[in-house]
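Heads up, entry-v1.cif below (mmCIF, C-alpha atoms):
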data_final
loop_
_atom_site.label_atom_id
_atom_site.label_comp_id
_atom_site.auth_asym_id
_atom_site.auth_seq_id
_atom_site.Cartn_x
_atom_site.Cartn_y
_atom_site.Cartn_z
CA MET O 6 -5.24 -30.50 -35.08
CA HIS O 7 -8.59 -29.44 -36.55
CA LYS O 8 -10.32 -32.31 -34.73
CA ILE O 9 -8.75 -31.26 -31.42
CA PHE O 10 -10.09 -27.72 -31.78
CA SER O 11 -13.48 -29.10 -32.78
CA HIS O 12 -13.63 -31.18 -29.60
CA ILE O 13 -12.56 -28.19 -27.50
CA TYR O 14 -15.27 -26.05 -29.11
CA ILE O 15 -17.93 -28.70 -28.49
CA LEU O 16 -16.91 -29.00 -24.82
CA TYR O 17 -16.92 -25.22 -24.49
CA LYS O 18 -20.33 -24.96 -26.16
CA TYR O 19 -21.95 -27.53 -23.90
CA SER O 20 -20.22 -26.07 -20.83
CA MET O 21 -21.58 -22.63 -21.66
CA GLN O 22 -25.05 -24.08 -22.19
CA ASP O 23 -24.91 -25.82 -18.82
CA LEU O 24 -23.61 -22.64 -17.20
CA THR O 25 -26.38 -20.57 -18.77
CA GLN O 26 -29.05 -23.02 -17.65
CA TRP O 27 -27.62 -23.06 -14.14
CA PHE O 28 -27.55 -19.26 -13.96
CA GLU O 29 -31.11 -18.95 -15.26
CA SER O 30 -32.27 -21.35 -12.55
CA LEU O 31 -31.07 -19.03 -9.78
CA ALA O 32 -33.29 -16.61 -7.88
CA THR O 33 -32.84 -12.90 -8.60
CA LEU O 34 -30.97 -12.14 -5.36
CA GLU O 35 -28.59 -15.05 -5.89
CA LYS O 36 -27.91 -13.87 -9.47
CA ILE O 37 -26.99 -10.44 -8.14
CA TYR O 38 -24.56 -11.95 -5.63
CA TRP O 39 -22.90 -14.11 -8.30
CA ILE O 40 -22.60 -11.15 -10.70
CA ILE O 41 -20.81 -9.22 -7.94
CA ALA O 42 -18.77 -12.18 -6.65
CA ILE O 43 -16.98 -13.19 -9.85
CA PRO O 44 -15.37 -9.87 -10.95
CA SER O 45 -14.70 -8.65 -7.41
CA SER O 46 -13.02 -11.96 -6.51
CA ILE O 47 -10.79 -11.78 -9.59
CA ILE O 48 -9.72 -8.21 -8.76
CA PHE O 49 -9.21 -9.14 -5.10
CA ILE O 50 -6.93 -12.06 -6.07
CA ILE O 51 -4.95 -9.81 -8.43
CA GLN O 52 -4.51 -7.27 -5.62
CA ILE O 53 -3.20 -9.96 -3.29
CA ILE O 54 -0.75 -11.27 -5.91
CA THR O 55 0.58 -7.80 -6.78
CA ALA O 56 0.93 -6.97 -3.09
CA PHE O 57 3.06 -10.09 -2.50
CA LEU O 58 5.12 -9.33 -5.61
CA GLY O 59 5.75 -5.80 -4.33
CA ALA O 60 3.95 -4.17 -7.25
CA ASP O 61 2.28 -1.71 -4.90
CA GLY O 62 5.45 0.30 -4.71
CA ASN O 63 6.19 2.73 -1.93
CA ASP O 64 2.61 2.97 -0.70
CA VAL O 65 2.22 -0.68 0.26
CA ALA O 66 -0.29 -0.36 -1.96
CA ASP O 67 -0.81 2.87 -4.58
CA ALA O 68 -3.11 1.46 -6.75
CA ASP O 69 -5.07 2.00 -3.57
CA VAL O 70 -6.60 5.33 -4.58
CA GLU O 71 -8.57 7.25 -1.98
CA VAL O 72 -12.29 7.59 -2.64
CA GLU O 73 -12.41 10.48 -0.18
CA ASN O 74 -9.78 13.19 -0.34
CA ASP O 75 -7.38 12.60 2.49
CA SER O 76 -3.77 13.37 3.19
CA GLY O 77 -1.12 11.93 5.38
CA ILE O 78 -1.30 8.71 7.30
CA GLY O 79 -4.67 8.03 8.81
CA PHE O 80 -7.40 5.46 9.14
CA HIS O 81 -8.59 5.31 5.52
CA PHE O 82 -11.87 3.37 5.35
CA LEU O 83 -13.12 4.18 1.84
CA THR O 84 -10.44 3.07 -0.60
CA LEU O 85 -10.73 1.06 -3.80
CA ARG O 86 -8.90 -1.82 -2.15
CA ASN O 87 -11.35 -1.87 0.75
CA LEU O 88 -14.37 -1.59 -1.54
CA VAL O 89 -13.18 -4.59 -3.56
CA ALA O 90 -12.76 -6.52 -0.31
CA PHE O 91 -16.25 -5.46 0.77
CA PHE O 92 -17.96 -6.65 -2.41
CA THR O 93 -15.96 -9.89 -2.46
CA ILE O 94 -16.82 -10.91 1.09
CA MET O 95 -20.37 -9.54 0.90
CA SER O 96 -21.21 -11.49 -2.25
CA TRP O 97 -19.74 -14.81 -1.11
CA THR O 98 -21.38 -14.45 2.31
CA GLY O 99 -24.69 -13.78 0.57
CA ILE O 100 -24.30 -16.90 -1.58
CA ALA O 101 -23.45 -18.95 1.51
CA CYS O 102 -26.48 -17.56 3.37
CA ILE O 103 -28.82 -18.44 0.51
CA ASP O 104 -27.37 -21.97 0.33
CA SER O 105 -27.96 -22.26 4.08
CA GLY O 106 -31.62 -21.34 3.68
CA PHE O 107 -31.50 -17.81 5.11
CA GLY O 108 -34.37 -15.47 4.24
CA THR O 109 -33.89 -12.40 2.04
CA PHE O 110 -33.59 -9.87 4.89
CA ALA O 111 -31.25 -12.08 6.93
CA THR O 112 -29.10 -12.76 3.85
CA ILE O 113 -28.75 -9.10 2.90
CA THR O 114 -28.10 -7.98 6.49
CA THR O 115 -25.55 -10.71 7.18
CA SER O 116 -23.70 -10.19 3.88
CA ILE O 117 -23.47 -6.41 4.32
CA PHE O 118 -22.27 -6.83 7.90
CA ALA O 119 -19.60 -9.32 6.75
CA GLY O 120 -18.49 -6.90 4.00
CA LEU O 121 -18.23 -3.98 6.42
CA LEU O 122 -16.30 -6.16 8.85
CA MET O 123 -13.85 -7.02 6.06
CA MET O 124 -13.49 -3.34 5.13
CA THR O 125 -12.72 -2.49 8.75
CA ALA O 126 -10.15 -5.28 8.95
CA MET O 127 -8.47 -4.13 5.69
CA ALA O 128 -8.45 -0.47 6.78
CA THR O 129 -6.95 -1.42 10.15
CA LEU O 130 -4.29 -3.59 8.50
CA MET O 131 -3.29 -0.87 6.02
CA TYR O 132 -3.23 1.75 8.81
CA PHE O 133 -0.74 -0.26 10.86
CA LEU O 134 1.33 -1.11 7.76
CA PHE O 135 1.59 2.60 6.92
CA LYS O 136 2.47 3.42 10.52
CA LEU O 137 5.12 0.69 10.48
CA LYS O 138 6.56 2.12 7.28
CA GLU O 139 6.53 5.62 8.78
CA THR O 140 8.34 4.35 11.86
CA GLY O 141 10.96 2.75 9.65
CA ASN O 142 11.68 5.99 7.78
CA VAL O 143 14.89 7.88 8.46
CA MET O 144 14.82 10.18 11.48
CA PRO O 145 17.28 13.04 10.82
CA GLN O 146 17.39 13.85 14.54
CA ASN O 147 19.28 10.59 15.02
CA ALA O 148 22.20 12.13 13.14
CA VAL O 149 23.32 14.25 16.10
CA GLY O 150 26.67 12.97 17.38
CA LYS O 151 27.31 10.84 14.29
CA THR O 152 30.27 11.29 11.99
CA GLY O 153 30.23 11.47 8.23
CA GLU O 154 32.03 12.89 5.24
CA THR O 155 31.78 16.19 3.43
CA TYR O 156 30.35 15.68 -0.05
CA LEU O 157 30.54 19.35 -1.11
CA LYS O 158 32.67 22.00 0.59
CA ILE O 159 30.95 23.72 3.53
CA PRO O 160 31.66 27.50 3.68
CA ALA O 161 32.90 28.90 7.01
CA ASN O 162 30.88 31.04 9.43
CA ASN O 163 27.47 29.83 8.19
CA LYS O 164 27.96 31.71 4.90
CA GLY O 165 26.59 28.95 2.72
CA PHE O 166 25.50 25.36 2.43
CA GLY O 167 27.61 22.34 1.71
CA LYS O 168 26.68 18.69 1.49
CA ILE O 169 27.50 15.80 3.79
CA GLN O 170 26.97 12.07 3.66
CA ILE O 171 26.27 10.08 6.83
CA THR O 172 25.05 6.59 7.58
CA LEU O 173 21.65 6.47 9.30
CA GLN O 174 19.65 3.35 10.06
CA GLY O 175 21.88 1.19 7.94
CA SER O 176 22.04 3.29 4.77
CA VAL O 177 23.93 6.34 3.50
CA HIS O 178 22.01 9.64 3.28
CA GLU O 179 22.89 13.09 1.98
CA PHE O 180 22.02 16.31 3.81
CA SER O 181 22.68 20.01 3.39
CA ALA O 182 25.07 21.33 6.04
CA LEU O 183 26.32 24.53 7.71
CA THR O 184 29.25 25.13 10.02
CA ASN O 185 30.24 27.69 12.65
CA ALA O 186 33.89 26.99 11.95
CA THR O 187 36.10 29.91 10.96
CA GLU O 188 37.52 27.95 8.03
CA ASP O 189 35.80 26.13 5.20
CA ILE O 190 35.38 22.39 5.63
CA PRO O 191 36.76 20.86 2.42
CA THR O 192 35.25 18.02 0.41
CA GLY O 193 36.19 14.64 1.81
CA ALA O 194 36.73 15.87 5.37
CA ILE O 195 35.39 13.88 8.33
CA ILE O 196 32.71 15.81 10.19
CA GLU O 197 30.46 15.39 13.21
CA VAL O 198 26.83 16.51 13.34
CA VAL O 199 26.24 18.81 16.32
CA GLU O 200 22.69 19.99 15.57
CA VAL O 201 19.76 19.37 13.24
CA LEU O 202 18.21 22.63 12.06
CA GLU O 203 14.84 23.32 10.45
CA GLY O 204 14.49 21.63 7.08
CA ASN O 205 16.82 18.81 8.19
CA ILE O 206 19.88 20.98 7.65
CA MET O 207 22.85 19.70 9.64
CA ARG O 208 25.16 21.96 11.61
CA VAL O 209 28.52 20.20 11.68
CA LYS O 210 32.06 20.57 12.92
CA LEU O 211 35.36 19.19 11.69
CA VAL O 212 36.53 16.10 13.55
#

Render the structure in this file as C-alpha cells.
Amino acid sequence: MHKIFSHIYILYKYSMQDLTQWFESLATLEKIYWIIAIPSSIIFIIQIITAFLGADGNDVADADVEVENDSGIGFHFLTLRNLVAFFTIMSWTGIACIDSGFGTFATITTSIFAGLLMMTAMATLMYFLFKLKETGNVMPQNAVGKTGETYLKIPANNKGFGKIQITLQGSVHEFSALTNATEDIPTGAIIEVVEVLEGNIMRVKLV
C-alpha cells in the first residue's frame, strides 16, 4: 500500500511540475484568461447540475442573488449566475482567440463581446422561465363558478370569515370566504364561488 501511495505522489509531483512549467510559458494575457476560466467553469458546471437537480428551489434559481436591487419579475441582467456565465464564456473565448493567433485588442474585444452575449442569453432565458412560472401560478379569479367544500364555518350576512377548499388548476387550495346567506354555512357543506373579492377572499353560496 505504501508503494502505491509513493507512485501516486511521484506522478502528482511530476504532473504539477509539468503544469507549472506550462503555465509559466504562457503570455500574461493568456495566464489571466486561464486564471478566470478554471474557477468560473467549475462554478458554472455546479450551477447547471444543481439546476437540473432542482436545487434552485422556487426561484428556478435562488442562489441567483441580484447584484442590483430589484423586485418582481423583470429582465435581470446583473445576477451572480449571469456574471459566472460571462466570465466562463469570456475566458474560454479569449483562450480560443489567442490559440487562433488573434492580437491583444481583437482577443479582448471578442471575448468581452462573447461574454456579454452569454449574459444576455442567460438573462433572457431566466426572464421567460420566471414568466412561465408566473403564468403557471394559481389564478384565484378562475374560482368563480366552481364548487368546493367549507373547511371552517362561514358566518351568515357577511359577519365573519370562514374557510373553503376548492380545486384550482389540478390542486386543492384554501381561501377565506364570506357569504350573503341569511344562515351560517356549516363545515363540510358544498359551496359555489360567486365572486372573488379584494385579497382573494371568496364570496360563496350554498349549493

Stretch 49-55 of chain O surroundings by only C-alpha atoms, 8 Å radius, close-in-sequence under 6 positions cut, as a PyMOL selection string: chain O and resi 61+86+89-90+93

I'd like the interatomic distance between atom CA of O:Trp97 and atom CA of O:Glu35, to a tenth of an Å.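 About the pair atom CA of O:Trp97 and atom CA of O:Glu35: they are 10.1 Å apart.
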
Where is the centre and how long are the edges: axis-aligned box on stretch 105-124 of chain O, 4 Å on each side, Å to one decimal, as AutoDock Vina command-line options:
--center_x -23.9 --center_y -12.8 --center_z 5.4 --size_x 28.9 --size_y 26.9 --size_z 14.8

Report, in Å to a single decimal, how far apart atom CA of O:Met124 and atom CA of O:Ile100 are.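 These two atoms are separated by 18.6 Å.
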
If you apply the PyMOL selection byres ((chain O and resi 165) around 10) to this file, what residues do you get, as a ChimeraX atom specification? /O:158-164,166-167,181-184,189

From the list O:Leu122, O:Ile190, O:Thr109, O:Thr98, which residue is nearest O:Thr33 when using only C-alpha atoms?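 Going through O:Leu122, O:Ile190, O:Thr109, O:Thr98 one by one, the smallest distance to O:Thr33 is for O:Thr109.
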
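When atom CA of O:Gln146 is paired with atom CA of O:Glu179, their separation reads 13.7 Å.
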